[in-house]
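Heads up: the structure comes next, in structure tokens.
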Amino acid sequence: MKSKMEIQSIIEELKRLYPDALCSLPYPKPYELLFAVRLAAQCTDERVNMVTPALYARYPTLEALAEADVSEVETYIHSTGFFRAKAKDIVAAAKMMVEQYDGKVPDTMEELLKLPGVGRKTANLILGDVYHKPGVVVADTHCIRITGRLGLTDGTKDPVKVEQQLRQVLPPEESNDFCHRMVLHGRAVCMARKPDCPNCTLRPWCSLFTQSQEA
DNA sequence: ATCCCGAGGG
DNA sequence: CCCTCTGGAT
């Protein structure tokens with residue numbers, strides 16, 4: 001278990017490293033962000049950001065997406081992978097938001113999860129970034145990996161358990177930005193295959209680094 | 001062969 | 001818990 005002091009030190013160092021905690025999916029419209037996150041499943045944000053300009057130019061409104069031809073949407077998003085499921089989900093979710101949610105992105109976990117293609121990760125990201133709810137933990141691949149290495153979780157890969165365990169130790173007002181910084185750190189330093197521990201300033205508090213030193 | 005800010009179904 | 005869906009980069 002990490003002490004309160006260690007947790008705070010990790011948070012402070014992350015703030016120093018990544019002051020802005022920016023989301024790398026820059027979309028002003030909530031539904032554009034929602035679909036960008038859907039497209040980001042098993043795909044880099046960089047690639048998502050390559051296909052969305054043409055997609056959102058072809059379908060400039062939520063209503064346009066709701067009426068879009070699924071196979072045409074597939075051609076726009078093909079390179080992001082899982083393109084059949086993603087295209088079907090986007091059109092169906094757009095329809096649902098137009099017909100049942102007054103053309104808006106819902107602001108509760110329960111309603112977000114009813115949208116096709118929206119799971120806990122996407123829902124949490126919307127709750128945090130669009131609606132600024134406190135205590136939001138976005139347990140994506142980077143967050144799960146790095147918090148496991150740091151020793152902030154017990155090492156489980158189950159996103160729900162990671163959410164619960166992180167909510168125990170992170171201040172509610174900090175948790176969302178913390179998760180964004182996990183993504184930034186996961187790309188720059190704490191990569192999945194070859195983590196750059198020698199250049200990682202979180203090493204004093206990291207279980208992974210401590211273990212590798214003892215061995 | 002492994003990973004990328006997953007989701008749905010069995 | 002498991003599996004499948006899919007393309008692109010390393």
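Every chain in the structure tokens takes a letter, A first, then B, and so on in the order presented; its residues are numbered from 1, and the ligands are numbered from 1 following the presented order.
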Practice task
Just need the residues of chain B within 6 Å of chain A, counting only C-alpha atoms (C1' of nucleotides), so spit them out as a PyMOL selection string.
Solution key: chain B and resi 4-7
Practice task
Restrict the distance test to only C-alpha atoms (C1' of nucleotides), flag each residue of chain A within 8 Å of chain C, and return the flagged residues as a PyMOL selection string.
Solution key: chain A and resi 78-83+85
Selection from above, N, CA, C and O atoms, as a PDB file, in the first residue's frame, can you write it?
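The new file again.pdb reads:
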ATOM      1  N   HIS A  78     -12.141   3.347 -41.905  1.00  0.00           N
ATOM      2  CA  HIS A  78     -11.569   2.013 -42.135  1.00  0.00           C
ATOM      3  C   HIS A  78     -10.223   1.812 -41.444  1.00  0.00           C
ATOM      4  O   HIS A  78      -9.976   0.780 -40.815  1.00  0.00           O
ATOM      5  N   SER A  79      -9.351   2.784 -41.530  1.00  0.00           N
ATOM      6  CA  SER A  79      -7.974   2.593 -41.044  1.00  0.00           C
ATOM      7  C   SER A  79      -7.875   2.537 -39.525  1.00  0.00           C
ATOM      8  O   SER A  79      -6.805   2.239 -38.987  1.00  0.00           O
ATOM      9  N   THR A  80      -8.958   2.816 -38.807  1.00  0.00           N
ATOM     10  CA  THR A  80      -8.888   2.754 -37.343  1.00  0.00           C
ATOM     11  C   THR A  80      -9.130   1.340 -36.812  1.00  0.00           C
ATOM     12  O   THR A  80      -9.042   1.117 -35.605  1.00  0.00           O
ATOM     13  N   GLY A  81      -9.467   0.406 -37.724  1.00  0.00           N
ATOM     14  CA  GLY A  81      -9.724  -0.959 -37.272  1.00  0.00           C
ATOM     15  C   GLY A  81     -11.111  -1.133 -36.690  1.00  0.00           C
ATOM     16  O   GLY A  81     -11.792  -0.156 -36.379  1.00  0.00           O
ATOM     17  N   PHE A  82     -11.557  -2.402 -36.580  1.00  0.00           N
ATOM     18  CA  PHE A  82     -12.911  -2.697 -36.067  1.00  0.00           C
ATOM     19  C   PHE A  82     -13.944  -1.824 -36.741  1.00  0.00           C
ATOM     20  O   PHE A  82     -14.904  -1.356 -36.120  1.00  0.00           O
ATOM     21  N   PHE A  83     -13.756  -1.571 -38.045  1.00  0.00           N
ATOM     22  CA  PHE A  83     -14.523  -0.505 -38.692  1.00  0.00           C
ATOM     23  C   PHE A  83     -16.012  -0.833 -38.841  1.00  0.00           C
ATOM     24  O   PHE A  83     -16.832   0.076 -38.810  1.00  0.00           O
ATOM     25  N   ALA A  85     -18.014  -2.639 -36.718  1.00  0.00           N
ATOM     26  CA  ALA A  85     -18.675  -2.415 -35.432  1.00  0.00           C
ATOM     27  C   ALA A  85     -18.702  -0.931 -35.085  1.00  0.00           C
ATOM     28  O   ALA A  85     -19.714  -0.404 -34.606  1.00  0.00           O
TER      29      ALA A  85
END
Exercise for the section: Tell me, in Å to one decimal, how far CA of Lys161 (chain A) is from CA of Tyr31 (chain A). Expected result: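 Separating CA of Lys161 (chain A) from CA of Tyr31 (chain A) is a distance of 27.4 Å.
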Practice task
Would you please give, as an MDAnalysis selection string, all residues of region 142-184 of chain A that DSSP assigns to alpha helix (DSSP H) based on the backbone?
Solution key: chainID A and resid 142:150 159:169 175:184
Practice task
For Phe209 (chain A), please output as JSON, numbers by chain all residues within 12 Å (counting only C-alpha atoms (C1' of nucleotides); exclusion window: fewer than 3 positions along the same chain).
Solution key: {"A": [146, 148, 149, 150, 151, 190, 195, 196, 197, 198, 199, 200, 201, 202, 203, 204, 205, 206, 212, 213, 214, 215]}
Problem - Distance in Å - CA of Asp154 (chain A) versus CA of Pro172 (chain A) - result: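 CA of Pro172 (chain A) lies at a distance of 20.0 Å from CA of Asp154 (chain A).
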Problem - Interatomic distance, CA of Thr147 (chain A) to CA of Val160 (chain A) (Å, one decimal) - result: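 Interatomic distance, CA of Thr147 (chain A) to CA of Val160 (chain A): 13.6 Å.
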Could you name the residues that touch Ala66 (chain A) at 10 Å or less, counting only C-alpha atoms (C1' of nucleotides), but leaving out those on the same chain fewer than 3 positions away, as a PDB file with C-alpha atoms, in the first residue's frame?
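Output saved as out-v6.pdb:
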ATOM      1  CA  TYR A  59     -21.454  14.634 -41.587  1.00  0.00           C
ATOM      2  CA  THR A  61     -24.124  17.475 -37.370  1.00  0.00           C
ATOM      3  CA  LEU A  62     -25.396  14.747 -35.065  1.00  0.00           C
ATOM      4  CA  GLU A  63     -28.520  14.543 -37.206  1.00  0.00           C
ATOM      5  CA  ASP A  69     -25.244   5.205 -44.529  1.00  0.00           C
ATOM      6  CA  VAL A  70     -23.266   2.783 -42.367  1.00  0.00           C
ATOM      7  CA  ILE A  90     -21.700   5.545 -34.360  1.00  0.00           C
ATOM      8  CA  VAL A  91     -24.812   5.717 -36.518  1.00  0.00           C
ATOM      9  CA  ALA A  92     -26.955   3.864 -33.972  1.00  0.00           C
ATOM     10  CA  ALA A  93     -25.732   6.000 -31.082  1.00  0.00           C
ATOM     11  CA  ALA A  94     -26.332   9.161 -33.106  1.00  0.00           C
ATOM     12  CA  LYS A  95     -29.884   8.001 -33.800  1.00  0.00           C
ATOM     13  CA  MET A  96     -30.489   7.281 -30.137  1.00  0.00           C
ATOM     14  CA  MET A  97     -29.197  10.666 -29.010  1.00  0.00           C
ATOM     15  CA  VAL A  98     -31.350  12.449 -31.602  1.00  0.00           C
ATOM     16  CA  GLU A  99     -34.487  10.456 -30.841  1.00  0.00           C
ATOM     17  CA  GLY A 103     -29.757  15.582 -29.661  1.00  0.00           C
TER      18      GLY A 103
END
